[in-house]
$ cat work-v8.cif   # mmCIF, C-alpha atoms
data_data
loop_
_atom_site.label_atom_id
_atom_site.label_comp_id
_atom_site.auth_asym_id
_atom_site.auth_seq_id
_atom_site.Cartn_x
_atom_site.Cartn_y
_atom_site.Cartn_z
CA MET A 1 -100.69 -118.58 91.18
CA PRO A 2 -99.39 -115.30 92.63
CA LYS A 3 -95.87 -116.35 91.67
CA LYS A 4 -96.90 -116.90 88.08
CA LYS A 5 -98.49 -113.48 87.90
CA SER A 6 -95.35 -111.89 89.30
CA LEU A 7 -93.21 -113.73 86.79
CA PHE A 8 -95.54 -112.72 83.96
CA ARG A 9 -95.37 -109.10 85.06
CA LEU A 10 -91.58 -109.27 85.23
CA LEU A 11 -91.38 -110.69 81.74
CA THR A 12 -93.82 -108.09 80.48
CA VAL A 13 -91.80 -105.30 82.04
CA SER A 14 -88.60 -106.76 80.58
CA VAL A 15 -90.13 -106.98 77.12
CA LEU A 16 -91.39 -103.46 77.37
CA PHE A 17 -87.97 -102.27 78.52
CA VAL A 18 -86.25 -103.99 75.65
CA MET A 19 -88.76 -102.53 73.20
CA VAL A 20 -88.29 -99.04 74.65
CA GLN A 21 -84.51 -99.40 74.39
CA ALA A 22 -84.84 -100.64 70.88
CA CYS A 23 -87.07 -97.76 69.95
CA ASP A 24 -84.63 -95.25 71.47
CA TYR A 25 -81.62 -96.86 69.80
CA VAL A 26 -82.88 -96.49 66.26
CA PRO A 27 -83.53 -92.74 66.52
CA ASN A 28 -80.26 -92.27 68.40
CA ARG A 29 -78.38 -94.10 65.63
CA SER A 30 -80.13 -91.99 63.02
CA ASN A 31 -79.24 -88.89 64.95
CA ILE A 32 -75.58 -89.92 65.09
CA ILE A 33 -75.52 -90.68 61.36
CA ALA A 34 -77.37 -87.46 60.61
CA ALA A 35 -74.98 -85.55 62.84
CA ASN A 36 -71.98 -87.13 61.11
CA ARG A 37 -73.43 -86.35 57.71
CA SER A 38 -74.14 -82.82 58.85
CA LEU A 39 -70.51 -82.34 59.91
CA ILE A 40 -69.22 -83.65 56.57
CA ASP A 41 -71.65 -81.50 54.60
CA THR A 42 -70.72 -78.48 56.67
CA GLY A 43 -67.03 -79.12 56.11
CA VAL A 44 -67.54 -79.48 52.36
CA ARG A 45 -69.57 -76.32 52.23
CA TYR A 46 -66.92 -74.54 54.31
CA ILE A 47 -64.18 -75.65 51.93
CA ILE A 48 -66.19 -74.57 48.88
CA VAL A 49 -67.12 -71.25 50.45
CA GLN A 50 -63.52 -70.60 51.53
CA ARG A 51 -62.20 -71.46 48.05
CA ASP A 52 -64.61 -69.01 46.46
CA THR A 53 -64.31 -66.22 49.01
CA VAL A 54 -60.84 -66.22 50.58
CA LYS A 55 -58.52 -63.56 49.12
CA PRO A 56 -60.53 -62.69 46.02
CA ASP A 57 -58.11 -59.88 45.27
CA SER A 58 -55.23 -62.34 45.10
CA ALA A 59 -57.14 -64.46 42.59
CA LYS A 60 -57.95 -61.41 40.48
CA THR A 61 -54.36 -60.24 40.69
CA ARG A 62 -53.13 -63.64 39.57
CA ASP A 63 -55.55 -63.66 36.63
CA THR A 64 -54.55 -60.09 35.70
CA LEU A 65 -50.86 -60.96 35.79
CA LEU A 66 -51.44 -64.05 33.68
CA ASN A 67 -53.41 -62.01 31.15
CA LYS A 68 -50.71 -59.33 31.05
CA LYS A 69 -48.03 -61.94 30.59
CA ALA A 70 -49.98 -63.49 27.73
CA ASP A 71 -50.51 -60.07 26.12
CA THR A 72 -46.79 -59.29 26.50
CA VAL A 73 -45.82 -62.56 24.83
CA LEU A 74 -48.26 -61.95 21.97
CA THR A 75 -47.02 -58.37 21.57
CA ALA A 76 -43.40 -59.52 21.52
CA LYS A 77 -44.21 -62.17 18.90
CA LYS A 78 -46.04 -59.60 16.78
CA ALA A 79 -43.11 -57.18 17.10
CA ASP A 80 -40.71 -59.92 16.02
CA SER A 81 -42.87 -60.82 13.04
CA ILE A 82 -43.11 -57.21 11.80
CA PRO A 83 -40.06 -56.33 9.70
CA ALA A 84 -38.19 -53.19 10.71
CA PRO A 85 -38.87 -50.25 8.40
CA ALA A 86 -36.19 -49.73 5.84
CA LYS A 87 -33.91 -46.82 6.56
CA PRO A 88 -34.23 -44.04 4.04
CA VAL A 89 -31.39 -43.89 1.59
CA VAL A 90 -29.56 -40.62 2.00
CA LYS A 91 -28.64 -39.26 -1.37
CA VAL A 92 -25.32 -37.72 -0.43
CA GLU A 93 -24.45 -36.79 -3.99
CA ALA A 94 -27.76 -34.95 -4.40
CA ASN A 95 -27.13 -33.00 -1.19
CA ILE A 96 -23.64 -32.07 -2.33
CA ASN A 97 -24.95 -30.91 -5.70
CA ALA A 98 -27.61 -28.80 -3.98
CA ARG A 99 -24.97 -27.10 -1.85
CA ALA A 100 -22.76 -26.56 -4.87
CA ASP A 101 -25.67 -24.98 -6.74
CA ALA A 102 -26.41 -22.67 -3.81
CA LEU A 103 -22.75 -21.71 -3.56
CA VAL A 104 -22.59 -20.82 -7.26
CA VAL A 105 -25.78 -18.76 -7.01
CA PHE A 106 -24.32 -16.84 -4.08
CA ALA A 107 -20.98 -16.31 -5.82
CA LYS A 108 -22.74 -14.76 -8.82
CA THR A 109 -24.28 -12.12 -6.54
CA MET A 110 -20.75 -10.76 -6.10
CA VAL A 111 -20.26 -10.05 -9.82
CA GLY A 112 -19.18 -6.44 -10.32
CA LYS A 113 -17.49 -6.05 -6.93
CA PRO A 114 -14.14 -4.28 -7.41
CA TYR A 115 -10.76 -5.90 -7.34
CA VAL A 116 -8.78 -4.76 -4.30
CA TYR A 117 -5.54 -6.45 -3.39
CA GLY A 118 -5.66 -8.08 0.05
CA ALA A 119 -9.45 -7.51 0.47
CA ASN A 120 -12.07 -10.21 1.03
CA THR A 121 -15.38 -8.45 1.79
CA PRO A 122 -18.17 -7.13 -0.45
CA GLU A 123 -17.83 -3.71 1.16
CA LYS A 124 -14.14 -3.31 0.33
CA GLY A 125 -13.82 -5.61 -2.66
CA PHE A 126 -11.86 -8.79 -3.33
CA ASP A 127 -8.58 -10.02 -4.53
CA ASN A 128 -8.32 -13.43 -6.23
CA GLY A 129 -7.88 -15.70 -3.21
CA GLY A 130 -9.97 -13.46 -0.94
CA PHE A 131 -13.04 -13.87 -3.17
CA VAL A 132 -12.94 -17.70 -3.14
CA ASN A 133 -12.28 -17.70 0.60
CA PHE A 134 -15.28 -15.41 1.25
CA VAL A 135 -17.71 -17.49 -0.83
CA PHE A 136 -16.79 -20.84 0.74
CA LYS A 137 -16.71 -19.38 4.23
CA LYS A 138 -20.33 -18.32 3.74
CA PHE A 139 -21.13 -22.06 3.52
CA GLU A 140 -18.95 -22.88 6.55
CA ILE A 141 -16.15 -24.39 4.46
CA GLU A 142 -12.67 -23.20 5.35
CA VAL A 143 -10.28 -22.62 2.46
CA PRO A 144 -7.09 -20.52 2.31
CA LYS A 145 -6.97 -16.83 1.47
CA TYR A 146 -3.90 -17.10 -0.73
CA PRO A 147 -3.89 -18.96 -4.09
CA ALA A 148 -0.63 -20.86 -3.50
CA ALA A 149 -2.17 -22.73 -0.53
CA PHE A 150 -4.98 -24.17 -2.66
CA ILE A 151 -2.67 -26.80 -4.18
CA SER A 152 -3.47 -29.20 -1.29
CA VAL A 153 -7.11 -28.25 -0.62
CA GLY A 154 -9.76 -30.97 -0.88
CA GLN A 155 -9.39 -33.72 -3.50
CA ASN A 156 -8.09 -33.72 -7.03
CA VAL A 157 -10.82 -33.97 -9.70
CA PRO A 158 -10.21 -35.27 -13.25
CA VAL A 159 -11.32 -33.01 -16.10
CA SER A 160 -14.12 -35.42 -17.04
CA GLU A 161 -15.69 -35.05 -13.56
CA VAL A 162 -15.40 -31.29 -13.10
CA ALA A 163 -18.70 -29.78 -11.92
CA GLU A 164 -20.24 -26.78 -10.18
CA GLY A 165 -18.49 -25.74 -6.99
CA ASP A 166 -15.07 -27.19 -7.88
CA ILE A 167 -12.06 -24.90 -7.66
CA VAL A 168 -9.89 -24.39 -10.71
CA LEU A 169 -6.18 -23.69 -10.19
CA PHE A 170 -4.04 -21.62 -12.56
CA SER A 171 -0.33 -20.93 -12.76
CA ARG A 172 1.00 -17.50 -13.69
CA THR A 173 2.20 -18.37 -17.18
CA ASP A 174 1.61 -22.04 -18.10
CA SER A 175 0.68 -25.38 -16.54
CA VAL A 176 4.30 -26.50 -16.32
CA LYS A 177 4.66 -23.99 -13.52
CA LYS A 178 3.17 -25.80 -10.54
CA ALA A 179 2.89 -22.79 -8.24
CA VAL A 180 -0.76 -21.67 -7.99
CA TYR A 181 -1.11 -18.04 -8.93
CA GLN A 182 -4.85 -17.67 -9.49
CA VAL A 183 -8.03 -19.55 -8.47
CA GLY A 184 -11.65 -19.51 -9.52
CA ILE A 185 -14.94 -21.31 -8.78
CA VAL A 186 -16.38 -23.54 -11.53
CA ILE A 187 -19.98 -22.57 -12.35
CA SER A 188 -20.62 -24.93 -15.30
CA GLU A 189 -22.34 -28.30 -14.99
CA LYS A 190 -20.56 -31.63 -15.31
CA GLY A 191 -19.90 -32.46 -18.96
CA SER A 192 -20.31 -28.85 -20.12
CA PRO A 193 -17.50 -26.54 -21.31
CA VAL A 194 -15.84 -25.16 -18.19
CA SER A 195 -16.63 -21.63 -17.09
CA PHE A 196 -15.68 -20.08 -13.77
CA ILE A 197 -16.18 -17.01 -11.57
CA HIS A 198 -13.19 -15.18 -10.11
CA ALA A 199 -11.78 -11.83 -9.08
CA SER A 200 -9.30 -10.47 -11.59
CA SER A 201 -7.09 -7.40 -11.82
CA GLY A 202 -7.22 -7.61 -15.64
CA LYS A 203 -9.75 -6.04 -17.97
CA MET A 204 -12.77 -6.79 -15.72
CA ASN A 205 -10.92 -5.37 -12.69
CA GLY A 206 -13.22 -7.08 -10.27
CA VAL A 207 -15.45 -10.14 -9.88
CA GLY A 208 -16.64 -11.62 -13.16
CA ILE A 209 -17.29 -14.83 -15.15
CA SER A 210 -14.86 -16.25 -17.69
CA ALA A 211 -14.92 -19.18 -20.10
CA LEU A 212 -12.00 -21.60 -20.10
CA SER A 213 -10.51 -20.16 -23.27
CA SER A 214 -7.17 -21.16 -24.77
CA TYR A 215 -5.63 -18.36 -22.73
CA TYR A 216 -6.70 -19.99 -19.48
CA GLN A 217 -6.40 -23.59 -20.65
CA LYS A 218 -2.63 -23.37 -20.97
CA LYS A 219 -2.45 -22.15 -17.36
CA VAL A 220 -4.66 -24.81 -15.76
CA ILE A 221 -2.82 -26.83 -13.11
CA GLY A 222 -5.86 -28.83 -11.98
CA TYR A 223 -9.22 -28.89 -10.21
CA ARG A 224 -9.98 -29.43 -6.52
CA ARG A 225 -13.22 -30.43 -4.78
CA VAL A 226 -13.85 -29.46 -1.16
CA PHE A 227 -17.49 -30.62 -0.67
#
$ encode --input "work-v8.cif" --output "structure tokens"
Amino acid sequence: MPKKKSLFRLLTVSVLFVMVQACDYVPNRSNIIAANRSLIDTGVRYIIVQRDTVKPDSAKTRDTLLNKKADTVLTAKKADSIPAPAKPVVKVEANINARADALVVFAKTMVGKPYVYGANTPEKGFDNGGFVNFVFKKFEIEVPKYPAAFISVGQNVPVSEVAEGDIVLFSRTDSVKKAVYQVGIVISEKGSPVSFIHASSGKMNGVGISALSSYYQKKVIGYRRVF
């Protein structure tokens, strides 16, 4: 009988021990799983937090650069699509005519100045070549002082194209004589009867305006344009 009680007690103790171990094992296993899950969750949170927080300036800088690059590309495309403004057309002929008009106006202010051989100033007077030289020099155009040298000045102009500011060349007696003896500045418009301003030692004895009469027509050698 005592042996049976001892055996029963031993079995009871064993059962209790197994039950205690079993009870401890389940919580321990839960703790391990919970711990593992906690580590994973922590790692995930760490990765997410690091992604959102590490080097924010670098992320902003990258976004700024990308935006600038996009804006640059759009600006370049817009610039390419906008046609270049047309260059203004320079009306050279109009400018030349304006200068010729101004030159004629200035030349007329010298009307009445005396004829003085070898002179080319308003104070002293003018001879024929000196007068034309003075007027053109005022507009920064160099021409000779002596009539004979005008034969090669500028470009030849046909009678049909003669206009204000052209230089008319005369011989001493008639047009067969090719040596230039006298010069004048045309003051008439293109297509109009030619008239000119010059310094003469004749009846006017100074600077005056003359029409291209038959007297002068037979002496005309040609017309030159220096503008």
$ resolve_selection --input "work-v8.cif" --expression "the PyMOL selection byres ((chain A and resi 158) around 9)" --output "list in words"
Asn156, Val157, Val159, Ser160, Glu161, Val162, Gly222, Tyr223 and Arg224 of chain A
$ write_last_selection --input "work-v8.cif" --atoms "C-alpha atoms" --output "mmCIF file, in the frame of the given file"
data_model
loop_
_atom_site.group_PDB
_atom_site.id
_atom_site.type_symbol
_atom_site.label_atom_id
_atom_site.label_comp_id
_atom_site.auth_asym_id
_atom_site.auth_seq_id
_atom_site.Cartn_x
_atom_site.Cartn_y
_atom_site.Cartn_z
ATOM 1 C CA ASN A 156 -8.090 -33.720 -7.030
ATOM 2 C CA VAL A 157 -10.820 -33.970 -9.700
ATOM 3 C CA VAL A 159 -11.320 -33.010 -16.100
ATOM 4 C CA SER A 160 -14.120 -35.420 -17.040
ATOM 5 C CA GLU A 161 -15.690 -35.050 -13.560
ATOM 6 C CA VAL A 162 -15.400 -31.290 -13.100
ATOM 7 C CA GLY A 222 -5.860 -28.830 -11.980
ATOM 8 C CA TYR A 223 -9.220 -28.890 -10.210
ATOM 9 C CA ARG A 224 -9.980 -29.430 -6.520
#
$ resolve_selection --input "work-v8.cif" --expression "the PyMOL selection byres ((chain A and resi 151) around 12)" --output "MDAnalysis selection string"
chainID A and resid 143:144 146:150 152:156 167:171 178:183 220:226
$ closest_residue --input "work-v8.cif" --among "A:Asp101, A:Ile185, A:Ser201, A:Glu164" --to "Phe134 of chain A" --atoms "only C-alpha atoms"
A:Ile185
$ atom_distance --input "work-v8.cif" --atom1 "atom CA of Gln217 of chain A" --atom2 "atom CA of Val132 of chain A"
19.6 Å
$ axis_aligned_box --input "work-v8.cif" --around "segment 172-184 of chain A" --padding-each-side "6 Å" --output "AutoDock Vina command-line options"
--center_x -3.5 --center_y -22.0 --center_z -13.0 --size_x 28.3 --size_y 21.0 --size_z 22.1
$ residues_near_point --input "work-v8.cif" --point "(-20.1, -29.0, -10.1)" --cutoff "7 Å" --atoms "all atoms listed in the file" --output "short mmCIF file (atom, residue, chain, number, x, y, z; two decimals) with C-alpha atoms, in the coordinates of the input"
data_model
loop_
_atom_site.label_atom_id
_atom_site.label_comp_id
_atom_site.auth_asym_id
_atom_site.auth_seq_id
_atom_site.Cartn_x
_atom_site.Cartn_y
_atom_site.Cartn_z
CA ASN A 97 -24.95 -30.91 -5.70
CA ALA A 100 -22.76 -26.56 -4.87
CA VAL A 162 -15.40 -31.29 -13.10
CA ALA A 163 -18.70 -29.78 -11.92
CA GLU A 164 -20.24 -26.78 -10.18
CA GLY A 165 -18.49 -25.74 -6.99
CA ASP A 166 -15.07 -27.19 -7.88
CA VAL A 186 -16.38 -23.54 -11.53
CA ILE A 187 -19.98 -22.57 -12.35
CA SER A 188 -20.62 -24.93 -15.30
CA GLU A 189 -22.34 -28.30 -14.99
CA LYS A 190 -20.56 -31.63 -15.31
#
$ residues_around --input "work-v8.cif" --residues "Glu140 of chain A" --least-positions-apart "3" --cutoff "12 Å" --atoms "only C-alpha atoms" --output "VMD selection string"
chain A and resid 99 103 133 to 137 143 226 to 227
$ resolve_selection --input "work-v8.cif" --expression "the PyMOL selection byres ((chain A and resi 207-209) around 10)" --output "PDB file with C-alpha atoms, in the coordinates of the input"
ATOM      1  CA  ALA A 107     -20.980 -16.310  -5.820  1.00  0.00           C
ATOM      2  CA  LYS A 108     -22.740 -14.760  -8.820  1.00  0.00           C
ATOM      3  CA  THR A 109     -24.280 -12.120  -6.540  1.00  0.00           C
ATOM      4  CA  MET A 110     -20.750 -10.760  -6.100  1.00  0.00           C
ATOM      5  CA  VAL A 111     -20.260 -10.050  -9.820  1.00  0.00           C
ATOM      6  CA  GLY A 112     -19.180  -6.440 -10.320  1.00  0.00           C
ATOM      7  CA  LYS A 113     -17.490  -6.050  -6.930  1.00  0.00           C
ATOM      8  CA  PRO A 114     -14.140  -4.280  -7.410  1.00  0.00           C
ATOM      9  CA  TYR A 115     -10.760  -5.900  -7.340  1.00  0.00           C
ATOM     10  CA  GLY A 125     -13.820  -5.610  -2.660  1.00  0.00           C
ATOM     11  CA  PHE A 126     -11.860  -8.790  -3.330  1.00  0.00           C
ATOM     12  CA  ASP A 127      -8.580 -10.020  -4.530  1.00  0.00           C
ATOM     13  CA  ASN A 128      -8.320 -13.430  -6.230  1.00  0.00           C
ATOM     14  CA  PHE A 131     -13.040 -13.870  -3.170  1.00  0.00           C
ATOM     15  CA  GLY A 184     -11.650 -19.510  -9.520  1.00  0.00           C
ATOM     16  CA  ILE A 185     -14.940 -21.310  -8.780  1.00  0.00           C
ATOM     17  CA  VAL A 186     -16.380 -23.540 -11.530  1.00  0.00           C
ATOM     18  CA  ILE A 187     -19.980 -22.570 -12.350  1.00  0.00           C
ATOM     19  CA  SER A 195     -16.630 -21.630 -17.090  1.00  0.00           C
ATOM     20  CA  PHE A 196     -15.680 -20.080 -13.770  1.00  0.00           C
ATOM     21  CA  ILE A 197     -16.180 -17.010 -11.570  1.00  0.00           C
ATOM     22  CA  HIS A 198     -13.190 -15.180 -10.110  1.00  0.00           C
ATOM     23  CA  ALA A 199     -11.780 -11.830  -9.080  1.00  0.00           C
ATOM     24  CA  SER A 200      -9.300 -10.470 -11.590  1.00  0.00           C
ATOM     25  CA  SER A 201      -7.090  -7.400 -11.820  1.00  0.00           C
ATOM     26  CA  MET A 204     -12.770  -6.790 -15.720  1.00  0.00           C
ATOM     27  CA  ASN A 205     -10.920  -5.370 -12.690  1.00  0.00           C
ATOM     28  CA  GLY A 206     -13.220  -7.080 -10.270  1.00  0.00           C
ATOM     29  CA  SER A 210     -14.860 -16.250 -17.690  1.00  0.00           C
ATOM     30  CA  ALA A 211     -14.920 -19.180 -20.100  1.00  0.00           C
ATOM     31  CA  LEU A 212     -12.000 -21.600 -20.100  1.00  0.00           C
TER      32      LEU A 212
END
$ atom_distance --input "work-v8.cif" --atom1 "atom CA of Lys145 of chain A" --atom2 "atom CA of Thr173 of chain A"
20.8 Å
$ atom_distance --input "work-v8.cif" --atom1 "atom CA of Phe139 of chain A" --atom2 "atom CA of Lys219 of chain A"
28.0 Å
